[in-house]
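Visitor: The structure's right below; bear with me while I get my questions together.
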Amino acid sequence: MLIILEEDCMKPLERRLLVFTILLGGFLSTLTETILNNALPTIMQAFNISQSVSQWLSTGYILVVGIMMPTAAYFFNRVPLRTLFITTLFIFLMGTIIASTAQTFEWLLAGRIIQAISVGISMPLTQNVLTLVYPPSQRGAALGLAAIVIILGPAIGPTLSGWIVNHYPWEWIFIILLPLTVLAIILSFFTVKNINQPKPTKLSWSSLLLSTVGFGLLLYGFSNIGVIAGINTFTLIILIIGLIVTAAFIILQLKLKKPLLQMRVFKSPSFTKTTILASLINVAMLGTELIVPLYLQDVRGVSAFISGLLLLPGAILMAIVAPIAGRLLDLHGIKGLSFIGFGILTLATIPMIWFNDRTSLPWIVFLYAIRMGAISLVMMPVTTSGINALPERLIVHGNSVVATFRQIASSLGTAGLVTVAAVISNGHTHGVQLMHGYQGAFAVAALVSLICLIISFTLRNRTKPEL
């Protein structure tokens with residue numbers, strides 16, 4: 001069993017420095033998730049490749065991150081935190097150097113894949129550290145800080161990349177990450193403490209194989225739906241095989257005494273509900289983060305850079321709300337917070353169904369910002385409430401499970417909304433039909449928000465270990 005050092009053994013300043021360094025590493029991880037979104041057309045020109053090929057810079061990245069996430073708990077239980085964190089940063093640095101100096105598309109893709117290997121481990125690690133160095137009564141505020149990283153990175157990525165490719169060569173997208181990564185590595189040697197005491201743990205290679213194939217096929221299938229904006233026979237077969245292999249992985253985990261990914265956490269009713277909500281929140285957030293810029297560019301005719309700027313108020317509001325939401329969770333519990341958050345989210349999404357070619361830009365910016373603020377109000381509090389329903393020995397596994405399911409939901413959400421828009425628009429790339437396609441996607445996003453609101457009524461206000 002993993003033994004965690006008591007949080008009061010660490011001085012407040014030491015804890016703050018540890019948290020700052022971990023969050024800096026987490027920010028680098030989440031920023032790279034969307035930083036190429038607005039740069040793909042430029043990269044297509046630079047390497048003379050098609051959109052379907054360039055899309056692998058995002059699809060392949062998501063695929064590898066999703067494959068690595070189930071291993072995060074194993075590495076955290078097996079390797080001292082400082083060694084693990086510094087190693088993931090060095091892997092990230094290596095991938096970033098390769099990408100920033102790539103002369104061919106293949107080398108650029110290789111750099112992205114290496115980055116993704118690091119990110120798949122470090123993203124759950126951020127939540128693990130914050131969960132373990134703070135007691136349950138303070139976890140809301142602590143994970144509110146993590147929410148800033150998890151939310152702000154992907155939110156500003158498209159805006160940042162749009163600005164860079166408008167003023168500098170695309171390589172600068174990766175070059176600007178280098179000094180931040182080096183800074184995080186240097187800080188790690190002085191501020192990161194081994195808050196875990198690992199014990200020798202045997203890796204279940206059969207579990208690793210099944211999770212890689214199962215989650216990999218699911219992520220690839222969902223991503224492919226988004227790329228081709230529909231479902232073909234090949235993609236359907238991939239998804240079916242992925243579901244079968246994933247089911248075999250889950251069955252194996254329930255049989256093993258020391259599984260790769262502890263599925264027994266779902267015996268906690270509160271954890272199960274909050275994990276479903278966390279996944280749906282990712283569908284609602286990332287799916288709309290993709291659809292709104294597409295609507296702005298295709299229907300309203302604004303540039304990629306301007307569309308990124310229009311989304312920036314939403315990202316800023318999310319960053320402001322996240323720590324406040326965590327503090328509110330600590331003070332008042334999840335019940336009222338989730339009702340208000342999901343209620344606002346639903347009310348702000350419904351008007352988007354009527355977005356057309358004449359909708360005012362300030363109204364679009366306002367609704368999007370309010371919507372993202374509502375997501376920030378519930379995202380980490382919901383996850384924290386679920387983690388608090390687990391005993392200490394399962395917290396690391398719980399964070400890895402939530403991160404894995406959120407990653408799959410991210411892929412499903414973006415693919416699902418793009419497919420809905422494509423089916424309704426019937427292949428049209430402009431005009432009224434395309435506008436109706438995006439309206440259909442917003443309607444699905446509103447439905448997801450409403451489902452979240454309904455589930456929120458069943459949550460326990462304050463959770464305690466249920467296993």
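For the structure tokens, the naming scheme is as follows: chains receive sequential letters (A, B, ...) according to their order of presentation, residues are indexed from 1 within each chain, and ligands are indexed from 1 in presentation order.
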Extract, using only C-alpha atoms, all DNA, RNA and protein residues at most 10 Å from stretch 244-247 of chain A, discarding same-chain residues fewer than 5 positions from it, and format them as a list in words.
Guide: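 Listing them by chain and then by number gives Leu209, Leu210, Ser211, Thr212, Val213, Gly214, Phe215, Gly216, Leu217, Leu218, Leu239, Leu252 and Gln253 of chain A.
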Visitor: Excluding stretch 112-121 of chain A and any residue of its chain fewer than 6 positions from it, enumerate the residues within 6 Å of it, using only C-alpha atoms, and give them as number ranges by chain.
Guide: A: 29, 61, 64-65, 68-69, 72, 88, 91-92, 95
Visitor: Identify which of the residues A:Leu177, A:Ala389, A:Leu286, A:Ile240 lies closest to A:Leu89, counting only C-alpha atoms when measuring atom-to-atom distances.
Guide: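 Closest to A:Leu89, using only C-alpha atoms: A:Leu177.
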Visitor: Using only C-alpha atoms, find each residue in stretch 135-166 of chain A having at least one atom no more than 10 Å away from stretch 13-27 of chain A; report its shortest atom-to-atom pair and that distance in Å (one decimal), rows by chain then rising number, as CSV.
Guide:
residue,atom,partner,partner_atom,distance
A:Ala142,CA,A:Val19,CA,8.9
A:Leu145,CA,A:Leu23,CA,8.1
A:Ala146,CA,A:Leu23,CA,6.6
A:Ala147,CA,A:Leu23,CA,9.7
A:Ile148,CA,A:Phe27,CA,8.6
A:Val149,CA,A:Phe27,CA,5.0
A:Ile150,CA,A:Phe27,CA,6.9
A:Ile151,CA,A:Phe27,CA,9.1
A:Leu152,CA,A:Phe27,CA,7.9
A:Gly153,CA,A:Phe27,CA,5.7
A:Pro154,CA,A:Phe27,CA,9.0
Visitor: Those same residues, written as a short mmCIF file (atom, residue, chain, number, x, y, z; two decimals), in the first residue's frame with C-alpha atoms?
Guide:
data_model
loop_
_atom_site.label_atom_id
_atom_site.label_comp_id
_atom_site.auth_asym_id
_atom_site.auth_seq_id
_atom_site.Cartn_x
_atom_site.Cartn_y
_atom_site.Cartn_z
CA ALA A 142 -6.33 23.24 -3.65
CA LEU A 145 -5.81 25.96 -8.30
CA ALA A 146 -5.38 22.83 -10.40
CA ALA A 147 -8.51 23.79 -12.31
CA ILE A 148 -6.84 27.03 -13.41
CA VAL A 149 -4.12 24.93 -15.02
CA ILE A 150 -6.44 22.30 -16.48
CA ILE A 151 -8.81 24.92 -17.89
CA LEU A 152 -6.56 27.85 -18.80
CA GLY A 153 -3.97 25.85 -20.75
CA PRO A 154 -6.35 24.40 -23.39
#
Visitor: Quick one: residues within 10 Å of A:Pro313, only C-alpha atoms counted, chain neighbours fewer than 2 positions away excluded, as a ChimeraX atom specification?
Guide: /A:155-156,308-311,315-319,365-366,368-370,372-373
Visitor: Do you have the atom CA of A:Phe305-atom CA of A:Ile291 distance handy?
Guide: 15.2 Å
Visitor: If DSSP is run on the backbone, what residues of stretch 84-227 of chain A are alpha helix (DSSP H)? A reply as a PyMOL selection string would be ideal.
Guide: chain A and resi 84-100+105-133+139-167+172-175+177-191+205-227
Visitor: For stretch 219-236 of chain A, find every residue with an atom within 12 Å (counting only C-alpha atoms), except residues of its own chain fewer than 3 positions away, and show them as a PyMOL selection string.
Guide: chain A and resi 50-67+211-216+239-243+246+287+290-291+404-428+437
